[in-house]
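Here's the structure, in structure tokens; my notes come after.
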Amino acid sequence: MEEFLTDRLKTQEYFLNMGPQHPATHGVLMLLLKLDGEIIQNVELDLGYIHRSIEKMCERDTYKQIIHLTDRLDYLSSHMNNEAVCLLVEDALNIEVADRIKVIRTMMSELSRISSHVLWWGVMGMDIGALTTFMYGFREREMINDIFEETCGARLTMNYNVIGGVRYDLHENFAKRVKDFITHFRKKLPEYDKLLSNNIIFQKRLEGIGYISKEDAVAYGLNGPTARGSGVSCDVRKIHPYSAYDRVEFEEILFPEGDSYARYRVRIREMWESLSILEQLVDKIPEGEHRVKTKAVIKLPEGDFLQRVESARGDFGVYVKSDGQKFPYRLKFRSPGFANLTALNKMAKGLKIADLVAILSTIDIVVPDIDR
Amino acid sequence: MITNTELKNKIENLVNGLNFSGEDSNFLCVEVPKEKLRELMTKLRDDKELSFDYLFALTGIDFGNELGVVYHLESVKNRNLIQITVKTEDRENPKIDSIHDIFPAAFFNEIEAHEFFGIIFNNHPDLKNLFLPEDWDKGFPMRKDYTDINMLIR
């Protein structure tokens with residue numbers, strides 16, 4: 001009978017456009033799928049739908065002006081992106097920033113990380129078919145956005161870090177609001193597990209799907225939670241500590257399985273770690289100035305500079321080649337999402353379209369970060 | 001972590017004809033002639049002690065008279081970072097060997113450098129337009145001599 005069926009029911013290879021307006025691609029990302037029936041043979045990327053050539057723009061901008069452009073890369077990690085440029089310039093010019101600034105930057109980064117992971121969690125559930133999680137995720141995200149709004153004056157593209165410090169001092173409610181959030185979120189995180197992580201249907205959709213080995217993860221340049229789901233230790237906060245990360249205790253979350261569920265659990269556990277970092281710092285924000293005075297015109301010395309930070313998506317890098325002018329000669333943003341996306345073909349081959357949606361969700365892409 | 005001086009001595013023994021700089025900065029900079037790029041990359045990856053296995057970034061650069069590519073490699077084991085520069089003087093037909101089979105991470109980054117700088121990577125199987133439109137014929141936007149009427153001049 002089986003022979004009869006395989007003989008007569010031949011499948012045919014065909015191409016399917018997924019995107020650029022597909023809701024599961026999280027933005028204007030286009031994938032050209034080569035399919036055999038419903039089995040994925042090949043995934044081809046077609047990027048650039050929101051390419052703005054930010055790197056070229058940076059060549060005509062002063063270092064102070066570049067910072068606001070980094071908000072527009074990965075808009076969910078704008079604090080970390082800002083911080084990368086600021087740290088690069090401060091490091092090149094030997095500007096020593098006060099402890100207060102370091103702690104403020106670290107706390108803002110961790111709040112961003114939680115807000116980004118919470119959004120990811122909501123959207124992740126929605127991609128798989130659990131629409132409720134989106135509402136839960138946004139409830140917590142609103143609290144963080146309110147904290148940002150009060151101190152930075154904006155909810156999404158904060159543009160809060162400046163060279164030599166932060167733009168405004170902390171709002172008087174900041175510590176109280178962060179503490180309230182920690183108490184609130186500590187109670188809510190176990191609910192997330194009850195609602196989604198422990199759901200058997202959800203687990204079956206992710207376990208063993210989108211496997212990538214540790215060796216491949218390194219070779220393809222994967223980073224951030226995606227690589228840590230394959231057991232690659234790559235947390236920039238641990239390996240090249242910056243700001244106040246050397247004075248807080250936290251664990252680098254590693255899961256060796258390498259499948260979508262491992263990547264999912266990495267992000268859930270990271271939220272716990274971020275909460276713990278916030279808790280360690282919130283009562284110990286040092287007093288002092290929130291900003292060091294810097295020169296009006298900032299010129300970097302001639303040479304090559306590189307600064308890496310751990311954004312919510314991974315190892316975000318800024319590389320500047322300077323010729324001693326007030327504009328960078330060449331500036332490159334090393335995008336964590338782009339590196340993670342390049343392994344998509346490897347992960348998705350031989351699986352079904354519904355699995356591809358799950359994989360795309362667990363590598364957590366933000367398209368403006370990929371297109372730049 | 002291996003210090004930059006030790007790193008320099010080790011790499012000198014692997015491949016000769018390299019230019020070193022930035023020993024006292026955060027990372028060692030190496031300039032390699034383009035004929036030796038693949039040899040250097042393979043040896044850096046396969047050397048047991050150095051094991052530079054993680055291609056952090058691949059950046060195309062227009063140096064003015066030359067076009068070039070800058071690679072940042074990291075070793076997951078040692079956490080050393082190294083910068084490798086390769087240049088070509090031919091601006092009309094700039095050719096640099098592809099390293100996508102040594103570091104799969106280079107595959108899409110080389111496509112990016114190709115479309116924005118016009119660098120041709122030898123043996124790269126799929127040098128298409130990834131970010132730019134398929135029918136783009138207005139030159140290479142990231143080069144310094146590229147002009148666009150929509151570009152602001154300061």
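Following the order of the structure tokens, chains are lettered A, B, ..., residues in each are numbered from 1, and ligands are numbered from 1.
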Report task. Could you list, as a PyMOL selection string, the residues of chain A having an atom within 8 Å of chain B when counting only C-alpha atoms? Result -> chain A and resi 45-49+51+56+60+218-221+233-234+239+330+332+334+339+342+371
Query - Separation of atom CA of His114 of chain B from atom CA of Thr88 of chain B in Å - result: 13.6 Å
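For the pair atom CA of Leu87 of chain A and atom CA of Leu69 of chain A, the interatomic distance is 15.6 Å.
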Query raised in the report: Quick one: DSSP strand (DSSP E) residues in chain B, as number ranges by chain?
Result: B: 19-21, 28-32, 54-62, 67-74, 81-88, 95-97, 120-122
Requested in this report: Would you list the contacts of Ile96 of chain B as a list in words, taking every protein, DNA or RNA residue within 7 Å and counting only C-alpha atoms, but skipping same-chain residues closer than 2 positions in sequence?
Outcome: Lys34, Pro94, Ser98, Ile120, Phe121 and Asn122 of chain B
Residues just named, written with C-alpha atoms as an mmCIF file, in the first residue's frame:
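Final file, result34.cif:
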data_model
loop_
_atom_site.group_PDB
_atom_site.id
_atom_site.type_symbol
_atom_site.label_atom_id
_atom_site.label_comp_id
_atom_site.auth_asym_id
_atom_site.auth_seq_id
_atom_site.Cartn_x
_atom_site.Cartn_y
_atom_site.Cartn_z
ATOM 1 C CA LYS B 34 45.512 39.152 -0.131
ATOM 2 C CA PRO B 94 38.709 44.384 -6.733
ATOM 3 C CA SER B 98 36.126 34.376 -0.035
ATOM 4 C CA ILE B 120 34.301 40.555 -5.658
ATOM 5 C CA PHE B 121 34.883 37.576 -3.421
ATOM 6 C CA ASN B 122 36.522 34.748 -5.368
#
Any idea what's packed within 12 Å of Val15 of chain B, counting only C-alpha atoms, ignoring anything in its chain fewer than 2 positions away? Could you give it as a CSV table (one decimal) with N, CA and C atoms, in the first residue's frame?
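Below you can see selection.csv, which holds the result:
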chain,number,residue,atom,x,y,z
B,8,LYS,N,51.3,37.9,18.8
B,8,LYS,CA,52.0,38.4,17.6
B,8,LYS,C,53.1,37.4,17.3
B,9,ASN,N,53.9,36.9,18.3
B,9,ASN,CA,54.9,36.0,18.1
B,9,ASN,C,54.4,34.7,17.5
B,10,LYS,N,53.3,34.2,18.0
B,10,LYS,CA,52.7,33.0,17.6
B,10,LYS,C,52.3,33.1,16.1
B,11,ILE,N,51.6,34.2,15.8
B,11,ILE,CA,51.1,34.3,14.4
B,11,ILE,C,52.2,34.5,13.4
B,12,GLU,N,53.3,35.2,13.9
B,12,GLU,CA,54.5,35.3,13.0
B,12,GLU,C,55.0,34.0,12.6
B,13,ASN,N,55.0,33.0,13.5
B,13,ASN,CA,55.5,31.7,13.2
B,13,ASN,C,54.6,30.9,12.3
B,17,GLY,N,55.3,37.4,6.4
B,17,GLY,CA,54.9,38.5,5.5
B,17,GLY,C,53.7,39.3,6.0
B,18,LEU,N,53.5,39.3,7.3
B,18,LEU,CA,52.4,40.1,7.9
B,18,LEU,C,52.9,41.4,8.5
B,19,ASN,N,52.0,42.3,8.6
B,19,ASN,CA,52.3,43.6,9.2
B,19,ASN,C,51.5,43.7,10.5
B,30,VAL,N,46.4,43.1,12.4
B,30,VAL,CA,47.3,42.4,11.5
B,30,VAL,C,46.9,42.8,10.0
B,31,GLU,N,47.9,43.1,9.2
B,31,GLU,CA,47.6,43.4,7.8
B,31,GLU,C,48.2,42.3,7.0
B,32,VAL,N,47.4,41.6,6.2
B,32,VAL,CA,47.8,40.5,5.5
B,32,VAL,C,47.7,40.7,3.9
B,33,PRO,N,48.7,40.3,3.1
B,33,PRO,CA,48.6,40.4,1.7
B,33,PRO,C,47.5,39.5,1.2
B,35,GLU,N,47.0,37.4,-1.1
B,35,GLU,CA,47.3,36.1,-1.5
B,35,GLU,C,47.4,35.1,-0.3
B,36,LYS,N,47.7,35.7,0.9
B,36,LYS,CA,47.9,34.9,2.1
B,36,LYS,C,46.7,34.8,3.0
B,37,LEU,N,45.6,35.5,2.6
B,37,LEU,CA,44.4,35.6,3.5
B,37,LEU,C,43.9,34.3,3.9
B,38,ARG,N,43.6,33.4,2.9
B,38,ARG,CA,43.0,32.1,3.2
B,38,ARG,C,43.9,31.2,4.1
B,39,GLU,N,45.2,31.3,3.8
B,39,GLU,CA,46.2,30.5,4.5
B,39,GLU,C,46.2,31.0,6.0
B,40,LEU,N,46.2,32.3,6.2
B,40,LEU,CA,46.2,32.8,7.6
B,40,LEU,C,44.9,32.5,8.3
B,41,MET,N,43.8,32.6,7.6
B,41,MET,CA,42.5,32.4,8.3
B,41,MET,C,42.4,30.9,8.7
B,42,THR,N,42.8,30.0,7.8
B,42,THR,CA,42.7,28.6,8.1
B,42,THR,C,43.6,28.2,9.3
B,43,LYS,N,44.8,28.8,9.3
B,43,LYS,CA,45.7,28.4,10.4
B,43,LYS,C,45.3,29.0,11.7
B,44,LEU,N,44.7,30.2,11.6
B,44,LEU,CA,44.2,30.8,12.9
B,44,LEU,C,43.1,30.0,13.5
B,47,ASP,N,44.7,26.3,14.5
B,47,ASP,CA,45.7,26.2,15.5
B,47,ASP,C,45.0,25.9,16.9
Requested in this report: Select, from B:Ile111, B:Gly64, B:Ile82, B:Asp90, the residue with the minimum atom-to-atom distance to Tyr146 of chain B, counting only C-alpha atoms.
Outcome: B:Gly64
**Report entry** Residues flagged helix (DSSP H, G or I) by DSSP in chain B, as JSON, numbers by chain
**Finding:** {"B": [4, 5, 6, 7, 8, 9, 10, 11, 12, 13, 14, 34, 35, 36, 37, 38, 39, 40, 41, 42, 43, 44, 45, 46, 106, 107, 108, 109, 110, 111, 112, 113, 114, 115, 116, 117]}
Preceding selection exported with N, CA and C atoms as a short mmCIF file (atom, residue, chain, number, x, y, z; two decimals), in the first residue's frame:
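What landed in selection.cif:
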data_model
loop_
_atom_site.label_atom_id
_atom_site.label_comp_id
_atom_site.auth_asym_id
_atom_site.auth_seq_id
_atom_site.Cartn_x
_atom_site.Cartn_y
_atom_site.Cartn_z
N ASN B 4 48.94 40.42 23.72
CA ASN B 4 49.10 40.76 22.31
C ASN B 4 50.49 40.42 21.79
N THR B 5 51.51 40.58 22.64
CA THR B 5 52.88 40.30 22.19
C THR B 5 53.05 38.81 21.93
N GLU B 6 52.55 38.00 22.85
CA GLU B 6 52.63 36.54 22.64
C GLU B 6 51.87 36.13 21.38
N LEU B 7 50.71 36.76 21.24
CA LEU B 7 49.87 36.47 20.08
C LEU B 7 50.61 36.80 18.79
N LYS B 8 51.29 37.95 18.82
CA LYS B 8 52.04 38.39 17.63
C LYS B 8 53.14 37.37 17.30
N ASN B 9 53.87 36.93 18.31
CA ASN B 9 54.95 35.97 18.07
C ASN B 9 54.41 34.67 17.50
N LYS B 10 53.28 34.24 18.04
CA LYS B 10 52.70 32.97 17.57
C LYS B 10 52.25 33.07 16.13
N ILE B 11 51.61 34.19 15.80
CA ILE B 11 51.09 34.33 14.42
C ILE B 11 52.24 34.50 13.44
N GLU B 12 53.30 35.18 13.88
CA GLU B 12 54.47 35.33 13.01
C GLU B 12 55.04 33.99 12.60
N ASN B 13 54.99 33.03 13.52
CA ASN B 13 55.50 31.70 13.20
C ASN B 13 54.59 30.93 12.25
N LEU B 14 53.30 31.27 12.28
CA LEU B 14 52.36 30.55 11.43
C LEU B 14 52.50 30.96 9.97
N LYS B 34 46.74 39.89 0.19
CA LYS B 34 45.51 39.15 -0.13
C LYS B 34 45.78 37.72 -0.59
N GLU B 35 47.01 37.44 -1.06
CA GLU B 35 47.31 36.07 -1.48
C GLU B 35 47.36 35.14 -0.27
N LYS B 36 47.68 35.71 0.90
CA LYS B 36 47.88 34.85 2.06
C LYS B 36 46.68 34.82 2.99
N LEU B 37 45.59 35.49 2.58
CA LEU B 37 44.44 35.61 3.48
C LEU B 37 43.89 34.26 3.90
N ARG B 38 43.64 33.40 2.91
CA ARG B 38 43.02 32.10 3.22
C ARG B 38 43.95 31.25 4.07
N GLU B 39 45.24 31.31 3.77
CA GLU B 39 46.20 30.53 4.55
C GLU B 39 46.17 30.97 6.01
N LEU B 40 46.19 32.30 6.21
CA LEU B 40 46.19 32.83 7.58
C LEU B 40 44.92 32.45 8.32
N MET B 41 43.78 32.63 7.64
CA MET B 41 42.49 32.35 8.28
C MET B 41 42.38 30.87 8.68
N THR B 42 42.78 29.99 7.76
CA THR B 42 42.70 28.56 8.07
C THR B 42 43.59 28.22 9.26
N LYS B 43 44.80 28.78 9.26
CA LYS B 43 45.72 28.45 10.35
C LYS B 43 45.25 29.02 11.68
N LEU B 44 44.69 30.23 11.64
CA LEU B 44 44.21 30.83 12.89
C LEU B 44 43.06 30.00 13.47
N ARG B 45 42.22 29.48 12.58
CA ARG B 45 41.08 28.70 13.08
C ARG B 45 41.54 27.34 13.60
N ASP B 46 42.46 26.70 12.86
CA ASP B 46 42.81 25.33 13.18
C ASP B 46 43.88 25.20 14.26
N ALA B 106 30.75 34.22 7.38
CA ALA B 106 31.17 35.23 6.41
C ALA B 106 30.26 35.29 5.21
N PHE B 107 29.45 34.26 5.01
CA PHE B 107 28.68 34.14 3.77
C PHE B 107 27.86 35.39 3.46
N PHE B 108 26.98 35.77 4.37
CA PHE B 108 26.11 36.92 4.10
C PHE B 108 26.84 38.24 4.26
N ASN B 109 27.83 38.26 5.15
CA ASN B 109 28.59 39.50 5.30
C ASN B 109 29.39 39.82 4.06
N GLU B 110 29.86 38.79 3.35
CA GLU B 110 30.58 39.03 2.10
C GLU B 110 29.64 39.56 1.02
N ILE B 111 28.41 39.05 1.02
CA ILE B 111 27.42 39.58 0.08
C ILE B 111 27.20 41.06 0.36
N GLU B 112 27.13 41.41 1.64
CA GLU B 112 26.91 42.81 2.01
C GLU B 112 28.07 43.68 1.53
N ALA B 113 29.30 43.22 1.79
CA ALA B 113 30.47 43.98 1.34
C ALA B 113 30.51 44.07 -0.17
N HIS B 114 30.02 43.04 -0.84
CA HIS B 114 30.02 43.05 -2.30
C HIS B 114 29.08 44.10 -2.85
N GLU B 115 27.86 44.17 -2.32
CA GLU B 115 26.91 45.09 -2.92
C GLU B 115 27.19 46.54 -2.55
N PHE B 116 27.75 46.78 -1.37
CA PHE B 116 27.98 48.17 -0.98
C PHE B 116 29.35 48.70 -1.42
N PHE B 117 30.32 47.82 -1.63
CA PHE B 117 31.66 48.28 -2.01
C PHE B 117 32.12 47.73 -3.35
#
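We find atom CA of Val85 of chain A and atom CA of Met271 of chain A to be spaced 24.8 Å apart.
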